[in-house]
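Undergrad: Mind looking over this structure? Questions follow.
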There are 2 protein chains.
Amino acid sequence: MKKVTINSVAGYAGVSKKTVSRVLNNEPNVSDATREKVLKVFKELDYTPNPIARGLAQNRSFIIGCIYDNPSKSYITRVQTGALAACQQNNYNLLIHPCDLRGDALISNIEHLLQSSRLDGLVLTPPFSDFKVLVDFLKSKKIPYARVASAVLEDDSISVRSNDEQGAFEITEHLINLGHKAIAFIKGHPDHSATEQRFKGYRRALSTHGIEFNERLVEEGNFSYHSGVDSARSILDLTPRPTAVFASNDYMAAAVLKLATQRQLKVPDDISIAGFDNAPIARHIWPGLTTIAQPVEEMTQQAVNKLIEHIGDPQEQPYQVTLEARLITRESTAQIK
Amino acid sequence: MKKVTINSVAGYAGVSKKTVSRVLNNEPNVSDATREKVLKVFKELDYTPNPIARGLAQNRSFIIGCIYDNPSKSYITRVQTGALAACQQNNYNLLIHPCDLRGDALISNIEHLLQSSRLDGLVLTPPFSDFKVLVDFLKSKKIPYARVASAVLEDDSISVRSNDEQGAFEITEHLINLGHKAIAFIKGHPDHSATEQRFKGYRRALSTHGIEFNERLVEEGNFSYHSGVDSARSILDLTPRPTAVFASNDYMAAAVLKLATQRQLKVPDDISIAGFDNAPIARHIWPGLTTIAQPVEEMTQQAVNKLIEHIGDPQEQPYQVTLEARLITRESTAQIK
DNA sequence: TCCAACCCTGACACCGGTGTCATAATGTCG
DNA sequence: CGACATTATGACACCGGTGTCAGGGTTGGA
């Protein structure tokens, strides 16, 4: 397999390599005849431009970085799927970079990443999407970025989110409509902006339906299965026991279900359980979890697409979109007896 | 932030850029005095070589590709974690590339990937690790590759695996030791080499303990939760009902558990269930699944490390290692009553 | 003392593209 | 029809590194 470079194409087509480059980049000022001649040679020689050489000349890498610090493997893969789809559409590559949110090392970690990989842009996924220190750093370095599932909107950035507050409202309302009044709530990780949003939706549903908010029904979790177990213990020990539990994600909801089952409680007859995210586990356990499905892939794909657009044309407008979340009812919630 | 290039370093240190390059690459034939002078300037200017320029000159990308077609998100993230660890140690980047095993498009898909990304090497994860068509293709193109969790060993490649057959043997033996004799088995996806290995281990344990193999106790699955449901239905309908089920992975085992629970069967009192892989779900459900843990991260990290070594020095020896799998007992298996 | 061998160093071409600018060819308008 | 704008094209430097090779300086052995 001989290497096909821009020079061989140029020689074969009888034009200069600059003209070949023009055709490659769809630049104007190339006659139709020349353009077609070159395109034909592309096919004949099966030419693919070398992205590395391009990158060197244009000082770009055609690589987008995706950073995350998220315990949910299913969430991460969904993010990756969406990001990859967008990258492939645009001939970009995706670099994944897990890192710790905590610790002073973060900024220098990211700085090193940027220096050594020359990324063209960064996708921030929760909990980084709303992490001000990082966002400010990127802004000061003029590194393009896009935020996925952020709570706070900014005027001048790319941000695609789903409506966590509304989702939490709907699922709480669903429980209320089933007759539940004592609905426990398990919060997520305090570093995630979704945590506050979901809590807000829960409270709004209560107040909309005239149910008094009860501090004692709220537990602090951190999205991990393990934290769900701890919270579940406190909740199931309450007297009177709440008739329903809304956990801020499915892993914690699964933990509640596990503990309830261990204690011989029937779900949903004795207690209803709702989650959030529609993680695979929500349908892999019995009873299946009522939950909220977010379009994670779609969000990420849109964010990355816009990010790449922005890289190509920095004049591009900011982009702020909120997608809808959807209630999915399964067997874990039922009419109160 | 001004750009720091090899030229600025050279000017600042009063040497030629070739000498700077020598220091960068730890080449011999640089006097200690010069080397230290240059290293000092590196620090002062905070210089990081441009990987793209390096790549162009050396015709490499410093990127490893990881291809997969695997429904288990937890498996994929574990693979990624291991691969990333190795990449970071060696200043490489990881490109992830999900693709369909099936279809004629595969080879051209991979070919396009290689052409457009100029990957330095490829990590093959199940089910690609034993996919002969692809391996042969890579060999013919002289693309370095490493195989993770392959069943078939070859003399001339890098391959890190774990002992699936032995793991299956041990977990089956565990069930036998608990008094079970009618042990149903759910096979995995036929394209995965692990499928056959695990089946072999199951049969070896039976024969070692003098239990006759019964064809009717074997169901065809494909590693997906859904296939587990179907298989579980057939198994639970058998009369007499088997006292134990060994599913080839945890998702299918979880499906058996779900169906059994739906049918009011007590696990493990009425029926024992065992899985494979130690996926997160194995401990997120109640009762927790007895399963086999494989060192997936470790396997992948070793494979990628060796792959990168091989890229740097193609004379490098082949590398074939088998790591041990480990039995983890949880609540889903118990002494037969 | 002289020459070979070896160590250090830098000049220069090169990797495969893109940016700048000059120039030739063509079109437009008064 | 001449002056000028516009389009099409190529020559050449450049991006930031590495490979090749030649040359000067040391060392050591005959």
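Lettering and numbering for the structure tokens are positional, with chains as A, B, ... in the shown order, residues counted from 1 in each chain, and ligands counted from 1 in the shown order.
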Within 12 Å of DC21 (chain D), counting only C-alpha atoms (C1' of nucleotides), which residues show up once you throw out same-chain ones fewer than 5 positions away? Write them as a count of residues only, please.
TA: 5
Undergrad: At a cut-off of 9 Å, can you tabulate as CSV every residue of chain D near chain B together with its closest atom pair and the distance in Å to one decimal, using only C-alpha atoms (C1' of nucleotides) and ordering rows by chain then number?
TA:
residue,atom,partner,partner_atom,distance
D:DC15,C1',B:Ala53,CA,7.9
D:DG16,C1',B:Ala53,CA,5.0
D:DG17,C1',B:Ala53,CA,4.8
D:DT18,C1',B:Ala57,CA,5.4
D:DG19,C1',B:Ala57,CA,8.9
Undergrad: Find the nearest atom pair between each residue of chain C and chain A for residues within 8 Å, count only C-alpha atoms (C1' of nucleotides), give distances in Å to one decimal, sort rows by chain and ascending number, and present the table as JSON lines.
TA:
{"residue": "C:DC15", "atom": "C1'", "partner": "A:Ala53", "partner_atom": "CA", "distance": 7.8}
{"residue": "C:DG16", "atom": "C1'", "partner": "A:Ala53", "partner_atom": "CA", "distance": 5.0}
{"residue": "C:DG17", "atom": "C1'", "partner": "A:Ala53", "partner_atom": "CA", "distance": 4.9}
{"residue": "C:DT18", "atom": "C1'", "partner": "A:Ala57", "partner_atom": "CA", "distance": 5.4}
Undergrad: Show me which bits of chain A are within 7 Å of chain B, counting only C-alpha atoms, as a PyMOL selection string.
TA: chain A and resi 48+50-53+55-56+73-74+77+93-95+115-117+254-255+258+284-286
Undergrad: Could you write those residues out with C-alpha atoms, as a compact mmCIF listing (two decimals), in the first residue's frame?
TA:
# COMPACT_ATOMS: atom_id res chain seq x y z
CA THR A 48 -7.50 10.57 2.57
CA ASN A 50 -3.55 13.32 6.76
CA PRO A 51 -5.25 14.91 9.74
CA ILE A 52 -1.95 15.32 11.52
CA ALA A 53 -0.43 17.41 8.79
CA GLY A 55 -3.53 19.89 12.32
CA LEU A 56 0.02 21.10 12.27
CA LYS A 73 -21.14 4.03 34.10
CA SER A 74 -24.32 3.97 32.13
CA THR A 77 -21.47 5.56 28.10
CA ASN A 93 -12.07 12.38 17.36
CA LEU A 94 -13.11 12.06 20.94
CA LEU A 95 -10.69 11.94 23.80
CA GLN A 115 -1.00 21.44 26.60
CA SER A 116 -0.13 17.92 25.78
CA SER A 117 -3.10 17.03 23.62
CA ALA A 254 -32.44 0.52 43.70
CA ALA A 255 -30.75 0.66 47.08
CA LYS A 258 -33.02 -3.69 48.05
CA HIS A 284 -33.25 -4.89 35.38
CA ILE A 285 -34.72 -5.26 38.83
CA TRP A 286 -38.08 -6.37 40.07
Undergrad: Please identify the strand (DSSP E or B) residues within region 180-304 of chain A (assignment by DSSP from backbone atoms) and present them as a ChimeraX atom specification.
TA: /A:183-186,218-219,244-247,272-274,277,290-293
Undergrad: Please dump the current selection as a compact mmCIF listing (two decimals), in the first residue's frame; keep C-alpha atoms.
TA:
# COMPACT_ATOMS: atom_id res chain seq x y z
CA ILE A 183 -43.04 11.20 50.25
CA ALA A 184 -39.43 10.88 51.32
CA PHE A 185 -36.73 12.41 49.17
CA ILE A 186 -33.07 11.41 48.78
CA VAL A 218 -35.27 14.46 53.27
CA GLU A 219 -32.01 12.52 53.27
CA ALA A 244 -43.31 6.60 49.04
CA VAL A 245 -39.65 7.40 48.38
CA PHE A 246 -38.34 9.51 45.54
CA ALA A 247 -34.60 9.05 45.14
CA SER A 272 -43.71 3.06 46.44
CA ILE A 273 -40.25 3.89 45.06
CA ALA A 274 -39.31 6.27 42.27
CA ASP A 277 -32.36 8.87 34.95
CA THR A 290 -40.71 4.34 37.87
CA THR A 291 -38.27 7.01 36.76
CA ILE A 292 -37.52 10.00 34.55
CA ALA A 293 -35.81 9.48 31.21
Undergrad: Can you pull out the residues contacting region 4-8 of chain D? Cut-off 7 Å, using only C-alpha atoms (C1' of nucleotides), and skip same-chain residues under 2 positions away; I want them as a PyMOL selection string.
TA: chain A and resi 29-31
Undergrad: Could you save those same residues with C-alpha atoms as a compact mmCIF listing (two decimals), in the first residue's frame?
TA:
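What ended up in part.txt:
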# COMPACT_ATOMS: atom_id res chain seq x y z
CA ASN A 29 -12.32 30.18 -6.68
CA VAL A 30 -11.73 26.83 -8.22
CA SER A 31 -13.15 26.24 -11.67
Undergrad: Go through region 223-260 of chain B and collect every residue that DSSP, computed from the backbone, puts in helix (DSSP H, G or I); the answer should be as a list in words.
TA: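 Checking each residue of region 223-260 of chain B, the helix (DSSP H, G or I) ones are Tyr225, His226, Ser227, Gly228, Val229, Asp230, Ser231, Ala232, Arg233, Ser234, Ile235, Leu236, Asp237, Asp250, Tyr251, Met252, Ala253, Ala254, Ala255, Val256, Leu257, Lys258, Leu259 and Ala260 of chain B.
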Undergrad: Just want the 9 Å neighbourhood of Pro127 (chain A), counted on only C-alpha atoms (C1' of nucleotides), with same-chain residues fewer than 6 positions away dropped. Output as a PDB file with C-alpha atoms, in the first residue's frame.
TA:
ATOM      1  CA  TYR A  68     -16.136  13.609  33.604  1.00  0.00           C
ATOM      2  CA  ASP A  69     -16.156  12.532  37.206  1.00  0.00           C
ATOM      3  CA  ASN A  70     -19.248  10.454  37.438  1.00  0.00           C
ATOM      4  CA  LEU A 101     -13.567  17.242  40.645  1.00  0.00           C
ATOM      5  CA  ALA A 149     -26.878  19.144  31.498  1.00  0.00           C
ATOM      6  CA  SER A 150     -25.937  22.314  33.296  1.00  0.00           C
ATOM      7  CA  ASP A 191     -21.472  19.067  43.669  1.00  0.00           C
ATOM      8  CA  HIS A 192     -23.966  18.235  40.962  1.00  0.00           C
ATOM      9  CA  SER A 193     -26.252  21.035  39.972  1.00  0.00           C
ATOM     10  CA  ALA A 194     -28.949  18.495  39.164  1.00  0.00           C
TER      11      ALA A 194
END
